[in-house]
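Enquirer: So that you have it, the file is entry.txt, and it contains compact mmCIF, C-alpha atoms:
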```
# COMPACT_ATOMS: atom_id res chain seq x y z
CA MET U 10 2.99 3.32 20.86
CA LYS U 11 2.30 3.50 17.12
CA VAL U 12 3.22 0.83 14.56
CA CYS U 13 3.26 1.43 10.81
CA MET U 14 3.26 -1.71 8.64
CA LEU U 15 4.24 -1.75 4.95
CA VAL U 16 3.14 -4.31 2.35
CA THR U 17 2.91 -4.31 -1.47
CA ASN U 18 -0.64 -5.64 -1.68
CA PRO U 19 -4.08 -4.21 -0.82
CA VAL U 20 -3.92 -5.82 2.70
CA SER U 21 -7.48 -7.21 2.71
CA ASN U 22 -6.49 -10.78 1.74
CA ASP U 23 -3.10 -11.02 3.46
CA PRO U 24 -3.72 -13.29 6.48
CA ARG U 25 -0.32 -12.78 8.12
CA VAL U 26 -0.42 -9.00 7.95
CA ARG U 27 -4.00 -8.91 9.20
CA ARG U 28 -3.36 -11.32 12.09
CA GLU U 29 -0.27 -9.43 13.24
CA ALA U 30 -1.98 -6.04 12.99
CA THR U 31 -5.05 -7.25 14.92
CA THR U 32 -2.87 -8.83 17.62
CA LEU U 33 -0.93 -5.59 18.13
CA VAL U 34 -4.15 -3.56 18.31
CA LYS U 35 -5.56 -5.88 20.98
CA ALA U 36 -2.32 -5.49 22.94
CA GLY U 37 -2.78 -1.72 23.02
CA TYR U 38 -0.70 -0.57 20.05
CA GLN U 39 -2.00 1.93 17.53
CA VAL U 40 -1.55 0.37 14.08
CA VAL U 41 -1.70 1.70 10.54
CA VAL U 42 -0.99 -0.54 7.54
CA ILE U 43 0.20 1.02 4.29
CA GLY U 44 -0.62 -1.07 1.23
CA VAL U 45 -1.21 -0.42 -2.46
CA GLN U 46 -4.46 0.60 -4.08
CA VAL U 47 -5.98 -1.47 -6.86
CA LYS U 48 -9.25 -0.93 -8.74
CA GLU U 49 -11.50 -2.73 -6.26
CA SER U 50 -9.97 -1.19 -3.10
CA SER U 51 -10.58 2.15 -1.40
CA PRO U 52 -7.80 4.64 -0.58
CA GLU U 53 -8.45 4.21 3.13
CA GLU U 54 -10.50 2.04 5.50
CA TRP U 55 -10.54 0.48 8.96
CA LEU U 56 -10.16 -3.27 9.48
CA ASP U 57 -10.37 -4.95 12.90
CA GLY U 58 -9.30 -1.83 14.78
CA TYR U 59 -6.40 -0.71 12.59
CA ARG U 60 -6.29 1.85 9.81
CA VAL U 61 -5.37 0.85 6.25
CA VAL U 62 -3.92 3.50 3.94
CA ARG U 63 -3.38 2.51 0.31
CA VAL U 64 -0.99 4.41 -1.93
CA PRO U 65 -1.87 4.57 -5.63
CA LEU U 66 0.38 2.64 -7.96
CA PRO U 67 2.81 4.83 -9.87
CA GLY U 68 1.92 5.56 -13.49
CA SER U 69 3.51 3.59 -16.29
CA LEU U 70 7.03 4.68 -17.21
CA ARG U 71 6.06 4.36 -20.82
CA ARG U 72 3.06 6.65 -20.34
CA HIS U 73 4.65 9.36 -18.17
CA VAL U 74 8.44 9.50 -17.90
CA ILE U 75 9.40 8.27 -21.38
CA PRO U 76 7.04 10.60 -23.35
CA HIS U 77 8.52 13.70 -21.65
CA PHE U 78 12.03 12.47 -22.43
CA LEU U 79 11.12 11.91 -26.09
CA VAL U 80 9.62 15.39 -26.43
CA TRP U 81 12.86 16.87 -25.11
CA LEU U 82 15.02 14.62 -27.32
CA LYS U 83 13.03 15.48 -30.46
CA SER U 84 13.67 19.20 -29.98
CA ALA U 85 17.25 18.95 -28.70
CA ALA U 86 18.60 16.26 -31.08
CA PRO U 87 16.11 15.61 -33.91
CA ARG U 88 18.46 13.41 -35.98
CA LEU U 89 19.23 11.15 -33.00
CA TYR U 90 15.52 11.04 -32.18
CA THR U 91 14.68 9.87 -35.73
CA VAL U 92 17.35 7.16 -35.72
CA LEU U 93 16.25 5.82 -32.33
CA ARG U 94 12.56 5.98 -33.26
CA ASP U 95 13.04 4.02 -36.48
CA ARG U 96 15.27 1.43 -34.83
CA TYR U 97 12.76 0.93 -32.01
CA ARG U 98 9.84 0.50 -34.41
CA SER U 99 11.75 -2.09 -36.44
CA VAL U 100 12.18 -4.41 -33.46
CA ASN U 101 9.11 -3.46 -31.39
CA PRO U 102 5.85 -3.55 -33.37
CA ARG U 103 2.96 -1.68 -31.77
CA LYS U 104 1.05 -3.57 -29.11
CA PRO U 105 -1.28 -2.56 -26.26
CA VAL U 106 0.35 -1.48 -23.00
CA GLU U 107 -0.98 -3.11 -19.85
CA ALA U 108 -1.54 -1.14 -16.67
CA PRO U 109 1.19 -1.67 -14.04
CA LEU U 110 0.60 -4.02 -11.12
CA ALA U 111 2.16 -4.32 -7.68
CA SER U 112 3.10 -7.90 -8.51
CA PRO U 113 2.97 -8.32 -12.31
CA PRO U 114 2.58 -11.83 -13.75
CA LEU U 115 5.96 -13.45 -14.12
CA PRO U 116 7.11 -14.80 -17.49
CA GLU U 117 8.90 -18.09 -17.88
CA ARG U 118 12.11 -16.13 -18.45
CA SER U 119 12.66 -12.43 -17.79
CA THR U 120 14.59 -10.07 -20.00
CA LEU U 121 16.97 -7.42 -18.75
CA ARG U 122 14.51 -4.77 -19.91
CA SER U 123 11.51 -6.32 -18.10
CA ASP U 124 13.50 -6.80 -14.90
CA LEU U 125 14.82 -3.23 -14.95
CA LEU U 126 11.30 -1.87 -15.47
CA ASN U 127 10.08 -4.04 -12.59
CA LEU U 128 12.87 -2.81 -10.31
CA ILE U 129 12.08 0.80 -11.15
CA HIS U 130 8.38 0.17 -10.59
CA VAL U 131 8.95 -1.35 -7.12
CA LEU U 132 11.42 1.43 -6.27
CA ARG U 133 8.78 4.05 -7.10
CA ILE U 134 6.24 2.21 -4.92
CA ASN U 135 8.78 2.20 -2.07
CA LEU U 136 9.37 5.94 -2.38
CA LYS U 137 5.61 6.58 -2.25
CA MET U 138 5.25 4.28 0.74
CA ALA U 139 8.18 5.88 2.53
CA GLY U 140 6.63 9.32 2.11
CA GLU U 141 3.32 8.12 3.53
CA ALA U 142 5.05 6.20 6.32
CA ILE U 143 7.00 9.24 7.48
CA LYS U 144 3.72 11.21 7.73
CA GLN U 145 2.42 8.62 10.21
CA HIS U 146 5.01 9.57 12.87
CA ALA U 147 5.17 5.96 14.03
CA ASP U 148 7.43 4.57 16.74
CA VAL U 149 8.00 1.30 14.87
CA TYR U 150 8.05 0.64 11.11
CA HIS U 151 7.27 -2.96 10.16
CA ALA U 152 8.32 -3.94 6.62
CA HIS U 153 6.70 -7.09 5.22
CA ASP U 154 9.09 -8.80 2.78
CA LEU U 155 12.08 -7.48 0.91
CA ASP U 156 10.03 -5.44 -1.56
CA THR U 157 9.10 -2.96 1.23
CA LEU U 158 12.36 -2.99 3.19
CA LEU U 159 13.74 0.08 1.42
CA ALA U 160 10.63 2.09 2.30
CA GLY U 161 10.94 0.99 5.92
CA TYR U 162 14.63 1.88 5.98
CA ILE U 163 13.99 5.38 4.59
CA ALA U 164 11.29 5.94 7.22
CA LYS U 165 13.65 4.68 9.95
CA ILE U 166 16.47 7.01 8.88
CA ARG U 167 14.22 10.05 8.53
CA THR U 168 12.42 9.52 11.86
CA ARG U 169 15.17 7.75 13.85
CA LYS U 170 12.68 5.11 14.97
CA LYS U 171 12.75 1.30 15.02
CA LEU U 172 12.47 -1.00 11.99
CA VAL U 173 11.11 -4.57 11.88
CA TYR U 174 11.90 -6.81 8.90
CA ASP U 175 9.26 -9.53 8.52
CA PHE U 176 10.20 -11.76 5.58
CA HIS U 177 7.51 -14.25 4.56
CA GLU U 178 9.82 -15.93 2.04
CA LEU U 179 13.37 -15.90 0.66
CA TYR U 180 12.68 -13.19 -1.88
CA THR U 181 15.84 -13.70 -3.92
CA GLU U 182 15.41 -17.50 -3.97
CA GLN U 183 11.80 -17.84 -5.18
CA PHE U 184 12.40 -18.59 -8.88
CA LYS U 185 13.89 -21.34 -10.97
CA ASP U 186 17.40 -20.73 -12.23
CA GLY U 187 17.29 -18.62 -15.37
CA VAL U 188 13.86 -17.06 -14.78
CA LYS U 189 15.24 -13.80 -13.38
CA THR U 190 18.26 -11.98 -14.77
CA GLY U 191 21.51 -11.45 -12.92
CA ALA U 192 20.64 -7.74 -12.59
CA TRP U 193 17.44 -8.55 -10.67
CA ARG U 194 19.19 -11.00 -8.36
CA PHE U 195 22.13 -8.66 -7.79
CA TYR U 196 19.88 -5.74 -6.89
CA TYR U 197 17.72 -7.59 -4.37
CA SER U 198 20.51 -9.62 -2.79
CA SER U 199 22.61 -6.44 -2.45
CA LEU U 200 19.65 -4.55 -1.01
CA GLU U 201 18.98 -7.26 1.57
CA ARG U 202 22.65 -7.59 2.48
CA ALA U 203 22.98 -3.82 2.92
CA LEU U 204 19.82 -3.28 4.96
CA VAL U 205 19.13 -6.44 6.97
CA LYS U 206 21.63 -5.51 9.69
CA THR U 207 20.10 -2.04 10.04
CA THR U 208 16.82 -3.59 11.21
CA ASP U 209 16.07 -3.76 14.92
CA LEU U 210 13.96 -6.92 14.85
CA ARG U 211 13.74 -9.74 12.31
CA LEU U 212 10.76 -12.07 11.99
CA THR U 213 10.03 -14.93 9.62
CA VAL U 214 7.62 -17.84 9.09
CA CYS U 215 9.79 -20.90 9.77
CA GLU U 216 13.16 -21.83 11.22
CA SER U 217 14.77 -22.81 7.92
CA LEU U 218 14.26 -19.33 6.45
CA GLY U 219 15.62 -17.68 9.59
CA ASP U 220 18.69 -19.93 9.65
CA TRP U 221 19.41 -19.20 5.97
CA VAL U 222 19.30 -15.42 6.45
CA THR U 223 21.36 -15.61 9.64
CA GLN U 224 24.08 -17.67 7.95
CA ARG U 225 24.10 -15.74 4.68
CA TYR U 226 24.27 -12.24 6.17
CA GLY U 227 25.81 -12.92 9.59
CA THR U 228 22.88 -11.37 11.47
CA ASP U 229 21.76 -11.96 15.00
CA GLY U 230 18.92 -14.41 15.58
CA VAL U 231 15.65 -14.32 13.66
CA ILE U 232 12.40 -14.96 15.53
CA THR U 233 10.02 -17.48 13.97
CA VAL U 234 6.32 -16.56 14.02
CA ARG U 235 4.48 -19.17 11.96
CA ASN U 236 1.55 -18.48 9.62
CA VAL U 237 -1.06 -20.35 11.60
CA PRO U 238 -4.81 -19.62 11.84
CA VAL U 239 -6.61 -18.34 14.90
CA TYR U 240 -7.83 -21.41 16.77
CA GLN U 241 -11.50 -22.19 16.30
CA PRO U 242 -13.49 -25.26 17.38
CA PRO U 243 -13.35 -27.93 14.68
CA PRO U 244 -16.22 -27.67 12.20
CA PRO U 245 -18.32 -30.80 11.68
CA GLY U 246 -16.55 -33.14 9.27
CA PRO U 247 -17.98 -35.74 6.90
CA ALA U 248 -20.47 -37.89 8.78
CA ASP U 249 -21.25 -40.66 6.30
CA HIS U 250 -18.90 -43.53 7.10
CA GLY U 251 -18.01 -45.97 4.36
CA ARG U 252 -18.22 -43.35 1.62
CA GLU U 253 -15.39 -42.53 -0.78
CA PRO U 254 -12.74 -40.40 0.98
CA VAL U 255 -12.53 -36.82 -0.31
CA ILE U 256 -9.06 -35.52 -1.16
CA LEU U 257 -8.65 -31.75 -1.41
CA TYR U 258 -6.12 -30.28 -3.87
CA GLN U 259 -4.35 -33.03 -5.76
CA LEU U 260 -2.32 -33.75 -8.87
CA ILE U 261 -4.36 -35.30 -11.68
CA GLU U 262 -1.60 -37.61 -12.82
CA SER U 263 -1.87 -39.51 -9.52
CA VAL U 264 -5.59 -40.27 -9.79
CA GLN U 265 -5.07 -43.34 -11.95
CA TYR U 266 -3.01 -44.92 -9.15
CA LEU U 267 -5.53 -44.28 -6.36
CA LYS U 268 -7.41 -47.31 -5.13
CA ARG U 269 -10.27 -45.22 -3.75
CA GLY U 270 -11.12 -41.57 -3.24
CA ARG U 271 -12.56 -38.53 -4.96
CA ILE U 272 -10.43 -35.49 -5.81
CA VAL U 273 -11.67 -31.92 -5.30
CA PHE U 274 -9.91 -28.90 -6.78
CA ARG U 275 -10.86 -25.61 -5.13
CA GLY U 276 -10.25 -22.14 -6.58
CA PHE U 277 -7.59 -22.72 -9.25
CA GLY U 278 -8.22 -19.47 -11.14
CA GLU U 279 -6.41 -19.25 -14.47
CA LEU U 280 -5.39 -22.92 -14.32
CA GLU U 281 -8.94 -24.21 -14.03
CA ASP U 282 -9.66 -24.43 -17.77
CA HIS U 283 -6.45 -26.37 -18.33
CA LEU U 284 -7.20 -28.73 -15.44
CA ARG U 285 -10.77 -29.34 -16.61
CA ALA U 286 -9.49 -30.19 -20.09
CA LEU U 287 -6.94 -32.57 -18.60
CA VAL U 288 -9.61 -34.29 -16.50
CA GLN U 289 -11.80 -34.73 -19.57
CA GLU U 290 -8.90 -35.96 -21.69
CA GLN U 291 -8.09 -38.67 -19.14
CA GLY U 292 -11.74 -39.60 -18.56
CA LEU U 293 -11.68 -38.75 -14.85
CA GLU U 294 -14.93 -36.77 -14.59
CA ASP U 295 -16.42 -39.26 -12.10
CA ARG U 296 -13.41 -38.99 -9.76
CA VAL U 297 -12.42 -35.32 -10.02
CA SER U 298 -14.62 -32.30 -9.30
CA PHE U 299 -14.12 -28.55 -9.07
CA ALA U 300 -15.32 -26.26 -6.28
CA PRO U 301 -15.41 -22.44 -6.32
CA PRO U 302 -12.94 -20.39 -4.25
CA VAL U 303 -14.14 -19.18 -0.86
CA PRO U 304 -13.37 -16.05 1.23
CA MET U 305 -10.43 -16.25 3.62
CA PRO U 306 -12.57 -16.59 6.82
CA GLU U 307 -14.36 -19.65 5.35
CA LEU U 308 -11.28 -21.64 4.28
CA VAL U 309 -11.18 -23.89 7.35
CA LYS U 310 -14.94 -24.48 7.36
CA THR U 311 -15.04 -25.57 3.72
CA ALA U 312 -11.87 -27.68 4.02
CA ALA U 313 -13.59 -29.73 6.72
CA GLU U 314 -15.81 -31.24 4.03
CA ALA U 315 -12.80 -33.33 2.94
CA ASP U 316 -10.74 -36.05 4.64
CA ILE U 317 -7.21 -35.49 3.32
CA GLY U 318 -5.39 -32.34 2.23
CA VAL U 319 -2.41 -32.41 -0.12
CA ILE U 320 0.59 -30.04 -0.15
CA PRO U 321 2.47 -30.86 -3.42
CA TYR U 322 5.32 -28.31 -3.44
CA ILE U 323 8.09 -29.02 -5.96
CA PRO U 324 11.48 -27.76 -4.66
CA PHE U 325 12.57 -26.01 -7.87
CA CYS U 326 14.03 -23.19 -5.77
CA LEU U 327 15.33 -22.76 -2.23
CA ASN U 328 12.22 -20.84 -1.17
CA ASN U 329 10.01 -23.81 -2.13
CA ARG U 330 12.34 -26.26 -0.42
CA PHE U 331 11.83 -24.41 2.88
CA CYS U 332 8.10 -23.82 2.41
CA LEU U 333 5.64 -23.97 5.32
CA PRO U 334 2.40 -22.74 3.69
CA ASN U 335 -0.72 -21.43 5.41
CA LYS U 336 -2.67 -24.21 3.69
CA LEU U 337 -0.99 -26.86 5.85
CA PHE U 338 -2.31 -25.32 9.07
CA GLU U 339 -5.74 -24.65 7.58
CA TYR U 340 -6.00 -28.36 6.75
CA LEU U 341 -4.99 -29.30 10.30
CA MET U 342 -7.44 -26.78 11.80
CA ALA U 343 -10.19 -28.38 9.69
CA GLY U 344 -9.30 -31.83 11.07
CA LEU U 345 -7.83 -33.22 7.85
CA ALA U 346 -5.03 -35.71 7.52
CA VAL U 347 -2.23 -34.19 5.41
CA VAL U 348 0.15 -35.63 2.85
CA GLY U 349 2.87 -33.30 1.61
CA SER U 350 6.15 -33.07 -0.24
CA ASP U 351 9.08 -34.58 1.60
CA LEU U 352 10.70 -31.23 2.42
CA PRO U 353 12.34 -30.14 5.71
CA GLU U 354 9.63 -27.95 7.26
CA LEU U 355 6.69 -30.02 5.97
CA ARG U 356 8.29 -33.25 7.19
CA LYS U 357 8.90 -31.70 10.61
CA VAL U 358 5.19 -30.91 11.08
CA ILE U 359 3.56 -33.86 9.30
CA LEU U 360 5.71 -36.68 10.68
CA GLY U 361 6.60 -34.93 13.93
CA HIS U 362 2.93 -34.79 14.95
CA SER U 363 1.77 -37.95 13.12
CA VAL U 364 -0.78 -36.05 11.05
CA GLY U 365 -0.16 -37.78 7.70
CA GLY U 366 2.62 -38.78 5.32
CA VAL U 367 5.17 -37.40 2.89
CA PHE U 368 5.94 -38.13 -0.77
CA ASP U 369 8.21 -37.29 -3.67
CA PRO U 370 6.30 -34.42 -5.38
CA GLU U 371 7.76 -35.24 -8.79
CA ASP U 372 6.59 -38.87 -8.72
CA SER U 373 2.84 -39.28 -9.29
CA GLN U 374 2.95 -42.92 -8.19
CA ASP U 375 4.59 -41.96 -4.90
CA ILE U 376 1.92 -39.30 -4.29
CA ALA U 377 -0.73 -41.98 -4.84
CA ARG U 378 1.20 -44.34 -2.55
CA ALA U 379 1.06 -41.80 0.31
CA LEU U 380 -2.67 -41.30 -0.23
CA ASN U 381 -3.40 -45.02 -0.50
CA ASP U 382 -1.57 -45.61 2.79
CA LEU U 383 -4.22 -43.46 4.49
CA ILE U 384 -7.25 -44.40 2.42
CA GLU U 385 -6.85 -48.16 2.87
CA ASP U 386 -6.90 -48.01 6.68
CA GLU U 387 -10.00 -46.17 7.89
CA LYS U 388 -9.12 -46.53 11.58
CA ARG U 389 -5.64 -45.11 11.00
CA LEU U 390 -7.07 -42.25 8.96
CA ALA U 391 -9.52 -41.41 11.76
CA ARG U 392 -6.68 -41.48 14.32
CA ILE U 393 -4.50 -39.20 12.18
CA LYS U 394 -7.37 -36.73 11.79
CA ARG U 395 -7.68 -36.62 15.58
CA ASN U 396 -3.93 -36.00 15.79
CA ALA U 397 -4.38 -33.03 13.45
CA LEU U 398 -6.94 -31.44 15.75
CA HIS U 399 -4.72 -32.09 18.77
CA ALA U 400 -1.73 -30.49 17.03
CA VAL U 401 -3.60 -27.24 16.32
CA ARG U 402 -5.08 -27.09 19.82
CA ALA U 403 -1.68 -27.61 21.45
CA VAL U 404 0.80 -25.93 19.09
CA TYR U 405 -0.28 -24.60 15.71
CA ASN U 406 -2.73 -21.82 16.52
CA TRP U 407 -2.36 -18.06 16.42
CA GLN U 408 -3.30 -17.62 20.08
CA ALA U 409 -0.09 -19.49 20.98
CA GLU U 410 2.07 -18.20 18.12
CA SER U 411 1.16 -14.53 18.66
CA VAL U 412 2.83 -14.65 22.07
CA LYS U 413 6.19 -14.67 20.24
CA LEU U 414 5.21 -11.57 18.28
CA LEU U 415 4.15 -9.67 21.39
CA LYS U 416 7.27 -10.66 23.34
CA ALA U 417 9.45 -9.52 20.43
CA TYR U 418 7.64 -6.18 20.34
CA GLU U 419 7.88 -5.79 24.10
CA SER U 420 11.66 -6.19 23.93
CA LEU U 421 11.82 -3.72 21.04
CA VAL U 422 9.70 -1.15 22.86
CA ALA U 423 11.74 -1.60 26.04
CA VAL U 424 14.92 -0.75 24.13
CA SER U 425 13.18 2.25 22.52
CA ALA U 426 11.87 3.69 25.81
CA PRO U 427 13.83 6.67 27.15
CA ARG U 428 15.74 6.10 30.38
```
Just dump the structure as structure tokens.
Expert:
Amino acid sequence: MKVCMLVTNPVSNDPRVRREATTLVKAGYQVVVIGVQVKESSPEEWLDGYRVVRVPLPGSLRRHVIPHFLVWLKSAAPRLYTVLRDRYRSVNPRKPVEAPLASPPLPERSTLRSDLLNLIHVLRINLKMAGEAIKQHADVYHAHDLDTLLAGYIAKIRTRKKLVYDFHELYTEQFKDGVKTGAWRFYYSSLERALVKTTDLRLTVCESLGDWVTQRYGTDGVITVRNVPVYQPPPPGPADHGREPVILYQLIESVQYLKRGRIVFRGFGELEDHLRALVQEQGLEDRVSFAPPVPMPELVKTAAEADIGVIPYIPFCLNNRFCLPNKLFEYLMAGLAVVGSDLPELRKVILGHSVGGVFDPEDSQDIARALNDLIEDEKRLARIKRNALHAVRAVYNWQAESVKLLKAYESLVAVSAPR
């Protein structure tokens, strides 16, 4: 039985895709994952027993399609060409054109033009992926997120095979109001509404997301397969008792309200310069430090150097309100206590398993209050850290969670088998 997965990234650093693919391979499935090729990635490779095929990104519309159109227009209607050229130059001064990306950086507020170009870009990626997927002659096509669902649907129709829709987020609900145009929202919500019922199996990362899709589109049930790490024995944690507690990933504004503790930022990329400047401006160099990013397999090991992990999601959109990030389970696997935003899925895990506390993410004093509650009672903090390790051993590990994935596939394959 062959499975073909689709995802609009290079695959290498996508933990969910890689865990699912590896699990299916170990269960006896043949798996190929189709991703996109970027500069640092090869067109094809093998990872953990499955084949990765990367399609090249389509060329820029401005560089390929538009020039040919302008050549034709200049010869067919020279006066119209001149008028359009002069009008364009008057409102669009020359500037360098950036190479297209699978997931281009998002502006604070999109324009209709930028959203239309993005939609066309993703559509062209889907057509390329669909062509490659059809060549794989798979028995099951597994589309990760809404931006590959069209490719999966085309492959399903052309091959008459099964289609899995695995949505990691609410794609249409991931931005603040006003960031994306009505055209963008209409396209993706219409696409999801039209195609979600054509899928043969639906998977997601938490119950809230599954309930939302079920209620919005009137689908059958969605199976929850959480983004949890493969269980590994807890790495050695901090051994020096009585030292300042180490808090991983925190908001600077809260530091002034902390009674004890040292803050560590890890791998903040483009934001790091801004954060360093803010730390210096507020005179917090002795309480805030920066650590380099680490490869995906080392996340749990390096997190174990801290005592408390923070999940400060602000619910500016529905997708954030229902968040259940990988980072939460990495913290638990590392034996950290966790404080997080008081949101439905985070509250369910953090308070349900007594592994930390919750706070109002838009109130720096309340964030500090949640941290101080743990820091001031060393015995309680130690007990909560033990609870974290118990929770991942008993519930939040991929060995347990992957059973749901395999059962879902078994039911799908059973329906597909000829009688």
Enquirer: Would you list the contacts of Gly344 in chain U as a PyMOL selection string, taking every protein, DNA or RNA residue within 6 Å and counting all atoms listed in the file, but skipping same-chain residues closer than 6 positions in sequence?
Expert: chain U and resi 394+397-398
Enquirer: In Å, rounded to a single decimal, give me how far CA of Cys326 in chain U is from CA of Val20 in chain U.
Expert: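 Separating CA of Val20 in chain U from CA of Cys326 in chain U is a distance of 26.4 Å.
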Enquirer: Could you pull out every residue with an atom within 12 Å of (16.7, -7.9, 2.4), file coordinates, counting all atoms listed in the file, and send them as a ChimeraX atom specification?
Expert: /U:152-162,173-182,194-208,211,222-223,225-226,228
Enquirer: Set the distance at 7 Å and use all atoms listed in the file: which residues neighbour range 409-425 of chain U once local chain neighbours fewer than 2 positions away are removed? I'd like the list as a PDB file with C-alpha atoms, keeping the file's coordinate frame.
Expert:
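Printed below is result-v5.pdb as written:
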```
ATOM      1  CA  VAL U 234       6.320 -16.560  14.020  1.00  0.00           C
ATOM      2  CA  ARG U 235       4.480 -19.170  11.960  1.00  0.00           C
ATOM      3  CA  VAL U 404       0.800 -25.930  19.090  1.00  0.00           C
ATOM      4  CA  ASN U 406      -2.730 -21.820  16.520  1.00  0.00           C
ATOM      5  CA  TRP U 407      -2.360 -18.060  16.420  1.00  0.00           C
ATOM      6  CA  PRO U 427      13.830   6.670  27.150  1.00  0.00           C
TER       7      PRO U 427
END
```
Enquirer: For each of U:Cys332, U:Val64, U:Ile163, U:Val367, take the minimum atom-to-atom distance to Asp382 in chain U, counting only C-alpha atoms, then give the residue where this is smallest.
Expert: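 Looking only at the distances to Asp382 in chain U, the closest residue turns out to be U:Val367.
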Enquirer: Near Arg122 in chain U, within 12 Å and counting only C-alpha atoms, which residues show up once chain neighbours fewer than 5 positions away are dropped, as a ChimeraX atom specification?
Expert: /U:127-129,189-193
Enquirer: Tell me which of U:Leu218, U:Val297, U:Ala147, U:Val41 sits closest to Gln183 in chain U, counting all atoms listed in the file.
Expert: U:Leu218
Enquirer: Excluding Gly58 in chain U and any residue of its chain fewer than 3 positions from it, enumerate the residues within 10 Å of it, using only C-alpha atoms, and give them as JSON, numbers by chain.
Expert: {"U": [30, 31, 32, 33, 34, 35, 39, 40, 41, 55, 61]}
Enquirer: List the neighbours of Pro370 in chain U out to 12 Å using all atoms listed in the file; skip same-chain residues closer than 2 positions along the sequence, and give me the result as a PDB file with C-alpha atoms, in the frame of the given file.
Expert:
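Below you can see around.pdb, which holds the result:
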```pdb
ATOM      1  CA  GLN U 259      -4.350 -33.030  -5.760  1.00  0.00           C
ATOM      2  CA  LEU U 260      -2.320 -33.750  -8.870  1.00  0.00           C
ATOM      3  CA  GLU U 262      -1.600 -37.610 -12.820  1.00  0.00           C
ATOM      4  CA  SER U 263      -1.870 -39.510  -9.520  1.00  0.00           C
ATOM      5  CA  VAL U 319      -2.410 -32.410  -0.120  1.00  0.00           C
ATOM      6  CA  ILE U 320       0.590 -30.040  -0.150  1.00  0.00           C
ATOM      7  CA  PRO U 321       2.470 -30.860  -3.420  1.00  0.00           C
ATOM      8  CA  TYR U 322       5.320 -28.310  -3.440  1.00  0.00           C
ATOM      9  CA  ILE U 323       8.090 -29.020  -5.960  1.00  0.00           C
ATOM     10  CA  PRO U 324      11.480 -27.760  -4.660  1.00  0.00           C
ATOM     11  CA  PHE U 325      12.570 -26.010  -7.870  1.00  0.00           C
ATOM     12  CA  ASN U 329      10.010 -23.810  -2.130  1.00  0.00           C
ATOM     13  CA  ARG U 330      12.340 -26.260  -0.420  1.00  0.00           C
ATOM     14  CA  VAL U 348       0.150 -35.630   2.850  1.00  0.00           C
ATOM     15  CA  GLY U 349       2.870 -33.300   1.610  1.00  0.00           C
ATOM     16  CA  SER U 350       6.150 -33.070  -0.240  1.00  0.00           C
ATOM     17  CA  ASP U 351       9.080 -34.580   1.600  1.00  0.00           C
ATOM     18  CA  LEU U 352      10.700 -31.230   2.420  1.00  0.00           C
ATOM     19  CA  VAL U 367       5.170 -37.400   2.890  1.00  0.00           C
ATOM     20  CA  PHE U 368       5.940 -38.130  -0.770  1.00  0.00           C
ATOM     21  CA  ASP U 372       6.590 -38.870  -8.720  1.00  0.00           C
ATOM     22  CA  SER U 373       2.840 -39.280  -9.290  1.00  0.00           C
ATOM     23  CA  GLN U 374       2.950 -42.920  -8.190  1.00  0.00           C
ATOM     24  CA  ASP U 375       4.590 -41.960  -4.900  1.00  0.00           C
ATOM     25  CA  ILE U 376       1.920 -39.300  -4.290  1.00  0.00           C
ATOM     26  CA  ALA U 377      -0.730 -41.980  -4.840  1.00  0.00           C
ATOM     27  CA  ARG U 378       1.200 -44.340  -2.550  1.00  0.00           C
ATOM     28  CA  ALA U 379       1.060 -41.800   0.310  1.00  0.00           C
TER      29      ALA U 379
END
```
Enquirer: Which residue, U:Ala164, U:Ala391, U:Met14, U:Ala343, has the smallest gap to Leu308 in chain U when you use all atoms listed in the file?
Expert: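 The answer is U:Ala343, which sits nearest to Leu308 in chain U.
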Enquirer: Which centre and edge lengths in Å to one decimal define the box along x, y and z that fits every listed atom of range 285-297 of chain U plus 5 Å per side, as lines of an AutoDock Vina configuration file?
Expert:
```
center_x = -11.7
center_y = -34.5
center_z = -15.7
size_x = 19.5
size_y = 20.3
size_z = 21.9
```
Enquirer: Just to confirm, what's the straight-line distance from CA of Asn396 in chain U to CA of Val231 in chain U in Å (one decimal)?
Expert: 29.3 Å
Enquirer: Any idea what the distance is between CA of Val47 in chain U and CA of Pro19 in chain U?
Expert: 6.9 Å
Enquirer: Compare U:Glu141, U:Glu49, U:Asp316, U:Glu339 by their minimum atom-to-atom distance to Val239 in chain U, counting only C-alpha atoms, and give me the closest one.
Expert: U:Glu339
Enquirer: Counting only C-alpha atoms, figure out which residue out of U:Leu126, U:Leu360, U:Val309, U:Ile317 gets nearest to Phe338 in chain U.
Expert: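 For Phe338 in chain U, the nearest of the given residues is U:Val309.
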